[in-house]
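Okay, model-v6.csv is below, CSV, C-alpha atoms:
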chain,number,residue,atom,x,y,z
A,1,MET,CA,0.0,0.0,0.0
A,2,ASN,CA,1.2,3.5,-0.9
A,3,LYS,CA,0.6,5.2,2.5
A,4,LEU,CA,0.5,8.8,1.0
A,5,GLN,CA,-1.9,7.8,-1.7
A,6,ALA,CA,-4.1,6.0,0.9
A,7,MET,CA,-4.1,9.2,3.0
A,8,GLU,CA,-5.1,11.3,0.0
A,9,VAL,CA,-7.9,8.9,-0.7
A,10,PHE,CA,-9.1,9.0,2.9
A,11,VAL,CA,-9.1,12.8,2.9
A,12,GLN,CA,-11.2,12.8,-0.3
A,13,VAL,CA,-13.7,10.3,1.1
A,14,VAL,CA,-14.1,12.4,4.3
A,15,ASP,CA,-14.3,15.7,2.3
A,16,THR,CA,-16.9,14.4,-0.2
A,17,GLY,CA,-18.8,12.2,2.1
A,18,GLY,CA,-18.6,9.0,0.0
A,19,PHE,CA,-16.5,6.6,-2.0
A,20,THR,CA,-18.2,7.3,-5.4
A,21,ARG,CA,-17.5,11.1,-5.4
A,22,ALA,CA,-14.0,10.5,-4.1
A,23,SER,CA,-13.2,8.0,-6.9
A,24,GLU,CA,-14.6,10.5,-9.5
A,25,ASN,CA,-12.5,13.4,-8.1
A,26,LEU,CA,-9.3,11.2,-7.9
A,27,LYS,CA,-10.1,9.5,-11.2
A,28,LEU,CA,-9.6,6.1,-9.5
A,29,PRO,CA,-11.9,3.0,-9.7
A,30,LYS,CA,-14.3,2.9,-6.8
A,31,ALA,CA,-12.9,-0.6,-5.9
A,32,THR,CA,-9.4,0.9,-5.6
A,33,VAL,CA,-10.7,3.6,-3.3
A,34,SER,CA,-12.4,1.0,-1.1
A,35,THR,CA,-9.4,-1.3,-1.0
A,36,LEU,CA,-7.0,1.5,0.0
A,37,ILE,CA,-9.3,2.6,2.9
A,38,GLN,CA,-9.6,-1.0,4.1
A,39,SER,CA,-5.8,-1.4,3.9
A,40,LEU,CA,-5.3,1.8,5.7
A,41,GLU,CA,-7.6,0.7,8.5
A,42,ALA,CA,-5.9,-2.7,8.7
A,43,SER,CA,-2.4,-1.1,9.0
A,44,LEU,CA,-3.6,1.2,11.8
A,45,SER,CA,-5.8,-1.4,13.5
A,46,VAL,CA,-8.5,1.3,13.7
A,47,LYS,CA,-11.9,1.9,12.2
A,48,LEU,CA,-11.7,5.2,10.4
A,49,LEU,CA,-15.2,5.3,8.7
A,50,ASN,CA,-18.7,4.1,9.5
A,51,ARG,CA,-20.3,2.8,6.3
A,52,THR,CA,-24.0,2.2,5.5
A,53,THR,CA,-25.5,1.6,2.1
A,54,ARG,CA,-26.4,5.3,1.8
A,55,HIS,CA,-23.9,7.2,3.9
A,56,VAL,CA,-20.3,7.3,5.0
A,57,SER,CA,-19.3,9.1,8.2
A,58,VAL,CA,-16.0,9.5,10.0
A,59,THR,CA,-15.4,7.9,13.4
A,60,ALA,CA,-13.8,9.8,16.3
A,61,ASP,CA,-10.4,8.1,15.6
A,62,GLY,CA,-11.0,8.9,11.9
A,63,ALA,CA,-11.6,12.6,12.6
A,64,ALA,CA,-8.3,12.8,14.5
A,65,TYR,CA,-6.4,10.9,11.8
A,66,TYR,CA,-8.0,13.2,9.1
A,67,GLU,CA,-6.6,16.3,10.8
A,68,ARG,CA,-3.1,14.7,10.8
A,69,CYS,CA,-3.4,13.6,7.2
A,70,ILE,CA,-4.3,17.2,6.2
A,71,ARG,CA,-1.1,18.5,7.8
A,72,ILE,CA,1.1,15.8,6.5
A,73,LEU,CA,-0.2,16.1,2.9
A,74,SER,CA,0.2,19.9,3.1
A,75,GLU,CA,3.8,19.5,4.2
A,76,VAL,CA,4.6,17.1,1.4
A,77,ARG,CA,3.1,19.4,-1.2
A,78,ASP,CA,5.1,22.3,0.3
A,79,ALA,CA,8.3,20.3,-0.1
A,80,GLU,CA,7.4,19.5,-3.7
A,81,ASP,CA,6.5,23.0,-4.6
A,82,SER,CA,9.6,24.5,-3.0
A,83,VAL,CA,11.7,22.3,-5.2
A,84,GLY,CA,9.5,22.6,-8.3
A,85,ARG,CA,9.5,26.4,-8.2
A,86,ASN,CA,13.3,26.4,-8.6
A,87,ARG,CA,13.4,24.3,-11.8
A,88,LEU,CA,9.8,23.9,-13.2
A,89,SER,CA,6.8,26.0,-13.8
A,90,PRO,CA,3.6,24.9,-12.0
A,91,ALA,CA,2.1,21.8,-13.6
A,92,GLY,CA,-0.9,19.5,-13.4
A,93,ARG,CA,-4.7,19.6,-13.4
A,94,LEU,CA,-6.3,22.7,-12.1
A,95,ARG,CA,-10.1,22.8,-11.7
A,96,VAL,CA,-11.6,26.3,-11.6
A,97,ASP,CA,-15.3,27.3,-11.5
A,98,ALA,CA,-16.5,30.7,-12.6
A,99,PRO,CA,-19.9,32.4,-13.5
A,100,THR,CA,-20.8,31.9,-17.2
A,101,GLY,CA,-20.7,35.6,-18.2
A,102,LEU,CA,-17.4,36.3,-16.4
A,103,ALA,CA,-15.8,33.2,-17.8
A,104,SER,CA,-16.9,33.8,-21.4
A,105,THR,CA,-16.4,37.6,-21.5
A,106,VAL,CA,-13.3,38.2,-19.3
A,107,ILE,CA,-11.4,35.0,-18.4
A,108,ILE,CA,-11.4,32.9,-21.5
A,109,PRO,CA,-10.3,35.7,-23.9
A,110,ALA,CA,-7.3,36.3,-21.6
A,111,LEU,CA,-6.3,32.6,-21.2
A,112,PRO,CA,-3.7,32.6,-24.1
A,113,GLU,CA,-1.7,34.9,-21.8
A,114,PHE,CA,-2.1,32.5,-18.9
A,115,PHE,CA,-1.0,29.5,-20.8
A,116,ALA,CA,1.9,31.4,-22.3
A,117,ARG,CA,3.1,31.8,-18.7
A,118,TYR,CA,2.2,28.4,-17.4
A,119,PRO,CA,2.1,25.9,-20.3
A,120,ASP,CA,2.2,22.9,-18.0
A,121,ILE,CA,-1.1,23.5,-16.3
A,122,GLN,CA,-4.1,21.6,-17.6
A,123,LEU,CA,-7.1,23.9,-16.8
A,124,GLU,CA,-10.6,22.5,-16.4
A,125,LEU,CA,-12.9,25.6,-16.3
A,126,GLY,CA,-16.4,25.0,-15.1
A,127,CYS,CA,-18.7,27.7,-16.4
A,128,SER,CA,-22.0,28.0,-14.6
A,129,ASP,CA,-24.1,30.4,-12.6
A,130,ARG,CA,-24.7,27.6,-10.2
A,131,GLN,CA,-22.7,27.9,-7.0
A,132,VAL,CA,-20.7,24.7,-6.7
A,133,ASP,CA,-19.6,22.9,-3.6
A,134,LEU,CA,-15.8,23.1,-3.9
A,135,VAL,CA,-15.1,20.3,-1.4
A,136,GLU,CA,-17.7,17.9,-2.6
A,137,GLU,CA,-17.1,18.4,-6.3
A,138,GLY,CA,-13.3,18.5,-6.2
A,139,VAL,CA,-12.9,22.1,-7.4
A,140,ASP,CA,-9.5,23.8,-6.5
A,141,CYS,CA,-10.8,27.3,-6.6
A,142,ALA,CA,-13.8,29.4,-7.8
A,143,ILE,CA,-14.5,33.0,-8.8
A,144,ARG,CA,-17.6,34.4,-7.1
A,145,GLY,CA,-19.3,37.7,-6.6
A,146,GLY,CA,-20.8,38.5,-3.2
A,147,ARG,CA,-20.4,40.6,0.0
A,148,ARG,CA,-20.4,37.6,2.4
A,149,LEU,CA,-19.3,34.0,2.0
A,150,ALA,CA,-22.1,31.6,2.9
A,151,ASP,CA,-19.6,28.7,3.3
A,152,SER,CA,-17.3,29.1,6.4
A,153,ARG,CA,-15.0,26.4,5.0
A,154,LEU,CA,-13.8,28.7,2.3
A,155,VAL,CA,-11.0,31.3,2.2
A,156,ALA,CA,-11.6,34.3,0.0
A,157,ARG,CA,-9.2,36.7,-1.7
A,158,ARG,CA,-10.7,39.8,-3.2
A,159,VAL,CA,-9.7,40.3,-6.8
A,160,GLY,CA,-12.1,42.9,-8.2
A,161,THR,CA,-15.4,44.7,-8.1
A,162,MET,CA,-18.5,44.2,-10.2
A,163,ASN,CA,-20.8,47.2,-10.9
A,164,TYR,CA,-24.4,46.9,-12.1
A,165,VAL,CA,-26.5,48.9,-14.6
A,166,THR,CA,-30.3,49.0,-15.0
A,167,CYS,CA,-31.4,48.9,-18.6
A,168,ALA,CA,-34.1,47.9,-21.1
A,169,SER,CA,-34.5,47.5,-24.9
A,170,PRO,CA,-35.6,50.5,-27.0
A,171,ALA,CA,-38.8,48.6,-27.9
A,172,TYR,CA,-39.7,48.1,-24.3
A,173,LEU,CA,-39.2,51.8,-23.4
A,174,GLU,CA,-41.2,52.9,-26.4
A,175,GLN,CA,-44.1,50.7,-25.4
A,176,TYR,CA,-44.1,51.1,-21.6
A,177,GLY,CA,-42.2,54.4,-21.0
A,178,ARG,CA,-39.1,55.2,-19.0
A,179,PRO,CA,-39.1,55.0,-15.1
A,180,ILE,CA,-37.8,58.1,-13.4
A,181,HIS,CA,-37.3,56.7,-9.9
A,182,PRO,CA,-36.6,53.1,-8.6
A,183,ASN,CA,-40.0,53.0,-7.0
A,184,ASP,CA,-41.5,53.4,-10.4
A,185,LEU,CA,-40.3,49.9,-11.2
A,186,VAL,CA,-43.2,48.3,-9.4
A,187,ASN,CA,-45.4,49.6,-12.2
A,188,HIS,CA,-43.2,48.1,-14.9
A,189,ARG,CA,-42.5,44.7,-16.3
A,190,CYS,CA,-39.1,43.6,-14.8
A,191,VAL,CA,-37.2,40.4,-15.2
A,192,ASN,CA,-35.9,38.9,-12.0
A,193,TYR,CA,-32.8,36.8,-11.4
A,194,PHE,CA,-32.9,33.9,-9.0
A,195,SER,CA,-30.3,31.5,-7.5
A,196,ALA,CA,-30.2,28.1,-9.3
A,197,ARG,CA,-29.0,26.6,-6.0
A,198,THR,CA,-31.6,28.0,-3.5
A,199,GLY,CA,-34.3,29.4,-5.7
A,200,LYS,CA,-34.0,32.8,-4.0
A,201,VAL,CA,-35.0,35.8,-6.1
A,202,PHE,CA,-32.5,38.6,-5.8
A,203,ASP,CA,-33.6,42.1,-4.8
A,204,TRP,CA,-32.6,45.2,-6.8
A,205,TYR,CA,-30.3,47.9,-5.1
A,206,PHE,CA,-30.0,51.6,-5.8
A,207,THR,CA,-28.0,54.4,-4.1
A,208,GLN,CA,-28.1,58.2,-4.5
A,209,ASN,CA,-26.0,60.4,-2.2
A,210,GLU,CA,-26.8,59.0,1.3
A,211,GLN,CA,-30.0,57.3,0.2
A,212,ARG,CA,-30.0,53.5,-0.3
A,213,LEU,CA,-33.0,51.6,-1.7
A,214,GLN,CA,-33.5,47.9,-1.7
A,215,VAL,CA,-36.4,47.1,-4.0
A,216,THR,CA,-38.3,43.7,-4.0
A,217,LEU,CA,-40.1,43.3,-7.3
A,218,SER,CA,-42.7,40.8,-8.3
A,219,SER,CA,-42.2,39.8,-11.9
A,220,HIS,CA,-43.8,37.9,-14.8
A,221,MET,CA,-40.5,36.2,-15.5
A,222,ALA,CA,-37.3,35.1,-13.6
A,223,VAL,CA,-34.2,33.3,-14.9
A,224,SER,CA,-31.1,31.8,-13.3
A,225,ASP,CA,-28.5,32.3,-16.0
A,226,SER,CA,-26.8,35.5,-16.9
A,227,TYR,CA,-27.0,35.0,-20.7
A,228,ALA,CA,-30.7,34.1,-20.5
A,229,TYR,CA,-31.2,37.1,-18.4
A,230,THR,CA,-29.5,39.4,-20.9
A,231,ALA,CA,-31.5,37.8,-23.7
A,232,ALA,CA,-34.7,38.5,-21.9
A,233,GLY,CA,-33.8,42.2,-21.8
A,234,LEU,CA,-32.8,42.3,-25.4
A,235,SER,CA,-36.0,40.7,-26.4
A,236,GLY,CA,-38.0,43.5,-24.8
A,237,LEU,CA,-39.5,41.2,-22.1
A,238,GLY,CA,-38.7,43.7,-19.4
A,239,ILE,CA,-36.2,45.9,-17.5
A,240,ILE,CA,-33.1,44.1,-16.3
A,241,GLN,CA,-30.3,44.9,-13.8
A,242,MET,CA,-27.1,43.2,-14.8
A,243,ALA,CA,-23.3,43.5,-14.4
A,244,ASP,CA,-22.1,46.4,-16.6
A,245,PHE,CA,-19.1,44.5,-18.1
A,246,LEU,CA,-21.8,42.4,-20.0
A,247,MET,CA,-23.8,45.4,-21.0
A,248,VAL,CA,-21.3,47.9,-22.1
A,249,GLU,CA,-21.1,46.8,-25.7
A,250,MET,CA,-24.9,46.4,-26.1
A,251,ILE,CA,-25.6,49.8,-24.7
A,252,ALA,CA,-22.9,51.4,-27.0
A,253,GLU,CA,-24.6,49.7,-30.0
A,254,GLY,CA,-28.1,51.0,-28.8
A,255,ARG,CA,-29.5,47.5,-28.4
A,256,LEU,CA,-30.1,48.3,-24.7
A,257,ILE,CA,-30.6,51.7,-23.1
A,258,SER,CA,-29.3,52.5,-19.6
A,259,ILE,CA,-32.0,54.0,-17.3
A,260,LEU,CA,-32.1,55.5,-13.8
A,261,ASP,CA,-28.7,56.9,-14.5
A,262,ASP,CA,-28.8,59.3,-11.6
A,263,TRP,CA,-29.0,56.3,-9.3
A,264,SER,CA,-25.9,54.1,-8.9
A,265,ASN,CA,-25.9,50.4,-8.0
A,266,GLU,CA,-24.0,49.1,-5.0
A,267,PRO,CA,-20.8,47.4,-6.3
A,268,LEU,CA,-20.4,43.7,-5.6
A,269,PRO,CA,-16.9,42.4,-4.6
A,270,ILE,CA,-15.4,39.6,-6.7
A,271,HIS,CA,-13.4,36.9,-4.8
A,272,VAL,CA,-11.4,33.9,-5.6
A,273,VAL,CA,-12.3,31.3,-3.0
A,274,TYR,CA,-10.7,28.0,-2.1
A,275,PRO,CA,-11.2,25.4,0.7
A,276,GLN,CA,-9.4,26.5,3.9
A,277,ASN,CA,-8.3,22.9,4.7
A,278,ARG,CA,-6.7,22.5,1.3
A,279,HIS,CA,-3.1,23.4,0.7
A,280,LEU,CA,-2.7,26.3,-1.7
A,281,SER,CA,-0.7,24.6,-4.3
A,282,ALA,CA,1.7,26.4,-6.7
A,283,LYS,CA,-0.8,26.1,-9.6
A,284,VAL,CA,-3.7,27.5,-7.6
A,285,ARG,CA,-1.5,30.3,-6.3
A,286,VAL,CA,-0.4,31.4,-9.8
A,287,PHE,CA,-4.0,31.3,-11.0
A,288,VAL,CA,-5.1,33.5,-8.1
A,289,ASP,CA,-2.3,36.0,-8.8
A,290,TRP,CA,-3.1,36.0,-12.5
A,291,ALA,CA,-6.8,36.6,-11.9
A,292,THR,CA,-6.0,39.5,-9.5
A,293,GLU,CA,-3.8,41.0,-12.2
A,294,LEU,CA,-6.5,40.4,-14.9
A,295,PHE,CA,-9.3,42.1,-13.0
A,296,SER,CA,-7.0,45.0,-11.9
A,297,ARG,CA,-6.5,46.1,-15.5
A,298,HIS,CA,-10.1,45.6,-16.6
A,299,PRO,CA,-11.9,48.9,-17.2
A,300,THR,CA,-15.0,48.0,-15.3
A,301,LEU,CA,-14.0,45.2,-12.8
A,302,SER,CA,-11.0,46.8,-11.0
The structure in this file should be written as structure tokens.
Amino acid sequence: MNKLQAMEVFVQVVDTGGFTRASENLKLPKATVSTLIQSLEASLSVKLLNRTTRHVSVTADGAAYYERCIRILSEVRDAEDSVGRNRLSPAGRLRVDAPTGLASTVIIPALPEFFARYPDIQLELGCSDRQVDLVEEGVDCAIRGGRRLADSRLVARRVGTMNYVTCASPAYLEQYGRPIHPNDLVNHRCVNYFSARTGKVFDWYFTQNEQRLQVTLSSHMAVSDSYAYTAAGLSGLGIIQMADFLMVEMIAEGRLISILDDWSNEPLPIHVVYPQNRHLSAKVRVFVDWATELFSRHPTLS
């Protein structure tokens, strides 16, 4: 038995809560994962996991061993990285998750630069407005917008700021008129955005001088994808409030018209997040540094 591999497998089983997900994340057969755990328990003469047909939970001894494994594996990777940085560029698989609009509009167009710097990294970029579980789904880091982190297991590094603009199509404004004040929106057809994970509909925010408004709008339509949301606005289905980096070109072309311009929208911080009990490997570190640099020079995200 390779003890370090068995430790890595054990940590994955605990992190993901099961053998199936661990085997998928590690790209190992489920039978191999099970055999390594059994061999590890036999070598320690301790039961590390409680298993049922539907659930895997860690024992008291397993929890103590898990914490030691985390520290040992982190030190091993530290040693590997300290040597690797002197003679090799960061290498290996890097799984990153990002919102669809941000990935397509900002990150992907800049990736040739990233790969020119780090040609040995194999990037797997998940593009979705769904908020993934980094630990359960084996994601190394994710880019997220938000003022507070809902998951206390994550460490966040702020890399930019996202501003929002309220707009509508010319056809909509010609038919329904132009709102003058945010409170006028209750008499308009607005398209809402909701979380694909929780189903929660997001409120709309406006600020002017010291006044701050949080507007809850009922709507005839709500979507959970940024591109679908933009398409709804372009189609004249209603007023939308969306990140300005997605809207700038459409507003410049006249396909959408910015409204309520004397009211600003509260900026939303952008973070790169990663699990706090995971070692920040060299490849994750260079991606975080690159993303920070990328957003800092973007005209609307810095």
key: Selection near A:Ser128, 7 Å with all atoms listed in the file, sequence-local residues under 2 positions removed, as number ranges by chain   = A: 98-100, 126, 130
Next, the residues of the selection above should be written as an mmCIF file, in the coordinates of the input with C-alpha atoms.
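again-v7.cif written:
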data_model
loop_
_atom_site.group_PDB
_atom_site.id
_atom_site.type_symbol
_atom_site.label_atom_id
_atom_site.label_comp_id
_atom_site.auth_asym_id
_atom_site.auth_seq_id
_atom_site.Cartn_x
_atom_site.Cartn_y
_atom_site.Cartn_z
ATOM 1 C CA ALA A 98 -16.500 30.700 -12.600
ATOM 2 C CA PRO A 99 -19.900 32.400 -13.500
ATOM 3 C CA THR A 100 -20.800 31.900 -17.200
ATOM 4 C CA GLY A 126 -16.400 25.000 -15.100
ATOM 5 C CA ARG A 130 -24.700 27.600 -10.200
#
task = Using atom CA of A:Arg157 and atom CA of A:Ser74 as the two end points, give the distance in Å to one decimal.
result =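 Separating atom CA of A:Arg157 from atom CA of A:Ser74 is a distance of 19.8 Å.
Closest approach to A:Tyr193 among A:Asp97, A:Asp129, A:Glu124, A:Glu113: A:Asp129, based on all atoms listed in the file.
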So that I can see what lies close to A:Ser235, please list as a PDB file with C-alpha atoms, in the frame of the given file the residues with an atom at most 9 Å from it, counting only C-alpha atoms and leaving out residues fewer than 2 positions away in the same chain.
ATOM      1  CA  SER A 169     -34.500  47.500 -24.900  1.00  0.00           C
ATOM      2  CA  ALA A 171     -38.800  48.600 -27.900  1.00  0.00           C
ATOM      3  CA  TYR A 172     -39.700  48.100 -24.300  1.00  0.00           C
ATOM      4  CA  THR A 230     -29.500  39.400 -20.900  1.00  0.00           C
ATOM      5  CA  ALA A 231     -31.500  37.800 -23.700  1.00  0.00           C
ATOM      6  CA  ALA A 232     -34.700  38.500 -21.900  1.00  0.00           C
ATOM      7  CA  GLY A 233     -33.800  42.200 -21.800  1.00  0.00           C
ATOM      8  CA  LEU A 237     -39.500  41.200 -22.100  1.00  0.00           C
ATOM      9  CA  GLY A 238     -38.700  43.700 -19.400  1.00  0.00           C
TER      10      GLY A 238
END
query = Within 9 Å of stretch 249-256 of chain A, counting only C-alpha atoms, which residues qualify if same-chain residues fewer than 4 places away don't, as a list in words?
reply =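 Residues meeting the cut-off are Cys167, Ala168, Ser169, Pro170, Gly233, Leu234 and Phe245 of chain A.
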ask   = Hey, which of A:Ile180, A:Trp263, A:Gly101, A:Ile257 ends up closest to A:Gly145? Count all atoms listed in the file.
value =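 Ranked by minimum distance to A:Gly145, first place goes to A:Gly101.
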key: Top pick for closest residue to A:Glu174, considering A:Val33, A:Gly236, A:Leu94, A:Ala64 and counting only C-alpha atoms   = A:Gly236
inquiry  = Report, in Å with one decimal, the straight-line distance from atom CA of A:Ser281 to atom CA of A:Ile143.
reply    =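 Value for the atom CA of A:Ser281-atom CA of A:Ile143 distance: 16.8 Å.
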Pick from A:Thr161, A:Ser219, A:Thr16, A:Gln175 nearest to A:His298, counting all atoms listed in the file = A:Thr161
request  = Mind checking which residues fall within 12 Å of A:Asn209, counting all atoms listed in the file, ignoring those fewer than 5 positions away in the same chain, and posting them as a VMD selection string?
outcome  = chain A and resid 262 to 266
For the selection you just gave me, I'd like the residues written to a file as an mmCIF file, in the frame of the given file, keeping C-alpha atoms.
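Saved the output as again-v2.cif:
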data_model
loop_
_atom_site.group_PDB
_atom_site.id
_atom_site.type_symbol
_atom_site.label_atom_id
_atom_site.label_comp_id
_atom_site.auth_asym_id
_atom_site.auth_seq_id
_atom_site.Cartn_x
_atom_site.Cartn_y
_atom_site.Cartn_z
ATOM 1 C CA ASP A 262 -28.800 59.300 -11.600
ATOM 2 C CA TRP A 263 -29.000 56.300 -9.300
ATOM 3 C CA SER A 264 -25.900 54.100 -8.900
ATOM 4 C CA ASN A 265 -25.900 50.400 -8.000
ATOM 5 C CA GLU A 266 -24.000 49.100 -5.000
#
ask   = Between A:Phe19, A:Tyr176, A:Tyr164, A:Tyr227, which one has atoms that come closest to A:Arg51, using all atoms listed in the file?
value =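 Of A:Phe19, A:Tyr176, A:Tyr164, A:Tyr227, the one nearest A:Arg51 is A:Phe19, counting all atoms listed in the file.
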Where does stretch 154-255 of chain A meet stretch 291-295 of chain A within 8 Å, residue by residue, with the nearest atom pair and distance in Å to one decimal for each, counting all atoms listed in the file, listed by chain and rising number, as JSON lines?
{"residue": "A:Arg158", "atom": "CA", "partner": "A:Thr292", "partner_atom": "CA", "distance": 7.9}
{"residue": "A:Val159", "atom": "CA", "partner": "A:Thr292", "partner_atom": "CA", "distance": 4.6}
{"residue": "A:Gly160", "atom": "CA", "partner": "A:Phe295", "partner_atom": "CA", "distance": 5.6}
query = Taking all atoms listed in the file into account, which of A:Ala22, A:Ala31, A:Leu36, A:Leu185 comes nearest A:Gln214?
reply =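 Of A:Ala22, A:Ala31, A:Leu36, A:Leu185, the one nearest A:Gln214, counting all atoms listed in the file, is A:Leu185.
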query = Separation of atom CA of A:Glu137 and atom CA of A:Gln38, in Å?
reply =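 Spanning atom CA of A:Glu137 to atom CA of A:Gln38 is a straight-line distance of 23.3 Å.
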message = Residues within 9 Å of (-34.6, 32.9, -16.9), file coordinates, counting all atoms listed in the file: what are they? Give the list as a ChimeraX atom specification.
response = /A:191-194,221-229,231-232
12 Å contact set for A:Glu41, all atoms listed in the file, chain neighbours under 2 positions out, as a list of chain:residue names = A:Met1, A:Lys3, A:Ala6, A:Met7, A:Phe10, A:Ser34, A:Thr35, A:Leu36, A:Ile37, A:Gln38, A:Ser39, A:Ser43, A:Leu44, A:Ser45, A:Val46, A:Lys47, A:Leu48, A:Leu49, A:Asn50, A:Thr59, A:Asp61, A:Gly62, A:Tyr65
